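Participant: Sending over a structure as structure tokens; questions will come in a sec.
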Number of protein chains: 2
Amino acid sequence: MDSKGRILKLATRLFARQGFAGVSLRSIAEGVGISKPSLLYHFPSKDQLREEVLSEVFDHWARRLPSLVRAVTSRAGQSDELMNELVAFFSEDPDRAHLLLREIIDRPDEMRRRIGDSLRPLVMLVAETIRKGQAVGIVQSDVDPEAYALSMIGLTIVHIVAAPVVEPVLASEGGVVANERLQRELYRIANTSLFSAPARAAKPRRERDERDDSAEARPSR
Amino acid sequence: MDSKGRILKLATRLFARQGFAGVSLRSIAEGVGISKPSLLYHFPSKDQLREEVLSEVFDHWARRLPSLVRAVTSRAGQSDELMNELVAFFSEDPDRAHLLLREIIDRPDEMRRRIGDSLRPLVMLVAETIRKGQAVGIVQSDVDPEAYALSMIGLTIVHIVAAPVVEPVLASEGGVVANERLQRELYRIANTSLFSAPARAAKPRRERDERDDSAEARPSR
DNA sequence: CCTACCGATCGGTAGG
DNA sequence: CCTACCGATCGGTAGG
């Protein structure tokens, strides 16, 4: 990988873990094996470096949108699929969740624009699918579609970031790993607060084939 | 208020909003109207200042625990009461949520200890109450008590911090303010993912008096 | 991509 | 509580 790419990669890690103000250009340059002025040859300023780091994260997100869309629209909008995609996106590189959450705290005004643009399409689509589910009766009628979508995204991100920190609170219950318990509960909350009670309650009866086994949440791995 | 108190107060605000590394001792001293060495007379180092800022937040939390306990144990553990207390604690001073979330990202190892100690009592109590509810049948049997409690705390914090940022995504729906929609949905999710379906579904019938109207969530204000 | 260097600002100290 | 000052480090530039 070329220098520019290696700089971006390390900068993403360090910004995510230590924060923009907590990372010096020298430490980034050193980690890549070049001098600070050489770094500034690729990125004219520290702010510009942050800009490109963020752009890359949001580009990844945009590139992921189609599969998220597919997850939402397939199978009459089972929330499993959407949660799987959400968890996968942030799990495969937790720095994304860290960076996003950090920028929301550090630069709320700037993030308001960025998130507005990049999140709206997904939220709108999820909301639309939920409304259809409400019309058919498989989704609870008092769900606020947009607020629900945003809540689940927020819950997913905070789960990724906070899981290692709250682990000791869960650890006393031997057996299952803390992270797995949290993730399972995340899926359960997402499902039970979305789908209508009858559909969930009628499980042993198995009246409606096919859709039955996916109405209950299961982590993907 | 004395200088020490004013320093603590301003430091809390600035650390919460701009992060520990992003705040200089000079800017704090200036805001309080003293010189930097004067600040260092009250707090021997910047790290010591952070330490006391965090201690204060956690002391507030500990002082609040009794009323949280009351909220959990009263009325057979309706989640409304607990969520009200949680939202109130962070809403009355959003800097608490900001600071907490930021420290979780910045210093996960240190926070693991701190959160373990200060959160465990509450989580354990909530979990115990949930298990009782499961025994009686008013709480869904597949709720993971500890994981549920932690998820709701996390969802509350992320709601406080992210609400202003995601507002534009919700704003298109005129009428109700974005924040209120998110809060209402927060309560609804907390309730429907906790209590058994029959208790919620039987609403119009009004078979069981007294507990009926509180089974559905309503923000406190 | 480098060495050499800039002014500004950092946390912290000496001394009163 | 202050003035004066410390070495270290910051982001960034000159010049090659």
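By order of appearance in the structure tokens: chains A, B, ..., then residues from 1 within every chain, and ligands from 1 in the order shown.
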Tell me, counting only C-alpha atoms (C1' of nucleotides), for each residue of chain B within 12 Å of chain D, which pair of atoms is nearest and how far apart they are in Å to one decimal, in rows ordered by chain and increasing number, as JSON lines.

Facilitator:
{"residue": "B:Ser3", "atom": "CA", "partner": "D:DC1", "partner_atom": "C1'", "distance": 10.5}
{"residue": "B:Gly33", "atom": "CA", "partner": "D:DC1", "partner_atom": "C1'", "distance": 11.4}
{"residue": "B:Ile34", "atom": "CA", "partner": "D:DC1", "partner_atom": "C1'", "distance": 8.2}
{"residue": "B:Ser35", "atom": "CA", "partner": "D:DC2", "partner_atom": "C1'", "distance": 7.8}
{"residue": "B:Lys36", "atom": "CA", "partner": "D:DC2", "partner_atom": "C1'", "distance": 10.0}
{"residue": "B:Pro37", "atom": "CA", "partner": "D:DC2", "partner_atom": "C1'", "distance": 8.3}
{"residue": "B:Ser38", "atom": "CA", "partner": "D:DC1", "partner_atom": "C1'", "distance": 5.9}
{"residue": "B:Leu39", "atom": "CA", "partner": "D:DC1", "partner_atom": "C1'", "distance": 9.3}
{"residue": "B:Leu40", "atom": "CA", "partner": "D:DC1", "partner_atom": "C1'", "distance": 10.7}
{"residue": "B:Tyr41", "atom": "CA", "partner": "D:DC1", "partner_atom": "C1'", "distance": 8.6}
{"residue": "B:His42", "atom": "CA", "partner": "D:DC1", "partner_atom": "C1'", "distance": 10.4}

Participant: Using only C-alpha atoms and a cut-off of 6 Å, which residues of chain B sit close to chain A? Please list them as a list in words.

Facilitator: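 In the required form, that comes to Gln18, Ala21, Gly22, Asp106, Pro108, Arg112, Gly116, Arg120, Ala147, Leu155, Val165, Pro168, Val169, Leu182, Ile189, Thr192, Ser193 and Ala197 of chain B.
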
Participant: CA of Trp61 in chain A and CA of Phe89 in chain A are how many Å apart?

Facilitator: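 CA of Phe89 in chain A lies at a distance of 8.1 Å from CA of Trp61 in chain A.
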
Participant: Might you pull out every residue within 10 Å of Ala11 in chain A, with only C-alpha atoms (C1' of nucleotides) counted and same-chain residues fewer than 3 positions away left off, and present them as a list in words?

Facilitator: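 Once the nearby chain positions are removed, what remains is Gly5, Arg6, Ile7, Leu8, Leu14, Phe15, Ala16, Arg17, Phe20, Val23, Ser24, Leu25, Ser27, Ile28, Ala29, Gly31, Val32, Leu49, Arg50, Glu52 and Val53 of chain A.
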
Participant: Could you please write out, as a PyMOL selection string, every residue of range 40-161 of chain B that DSSP assigns to alpha helix (DSSP H)?

Facilitator: chain B and resi 40-42+46-73+79-91+95-106+108-136+145-161

Participant: Would you compute the distance between CA of Glu30 in chain B and CA of Lys9 in chain B? Give it in Å to one decimal.

Facilitator: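 Between CA of Glu30 in chain B and CA of Lys9 in chain B the gap works out to 13.5 Å.
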
Participant: How far is it from CA of Val126 in chain B to CA of Glu56 in chain B, in Å with one decimal?

Facilitator: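 That distance, rounded to one decimal, is 24.0 Å.
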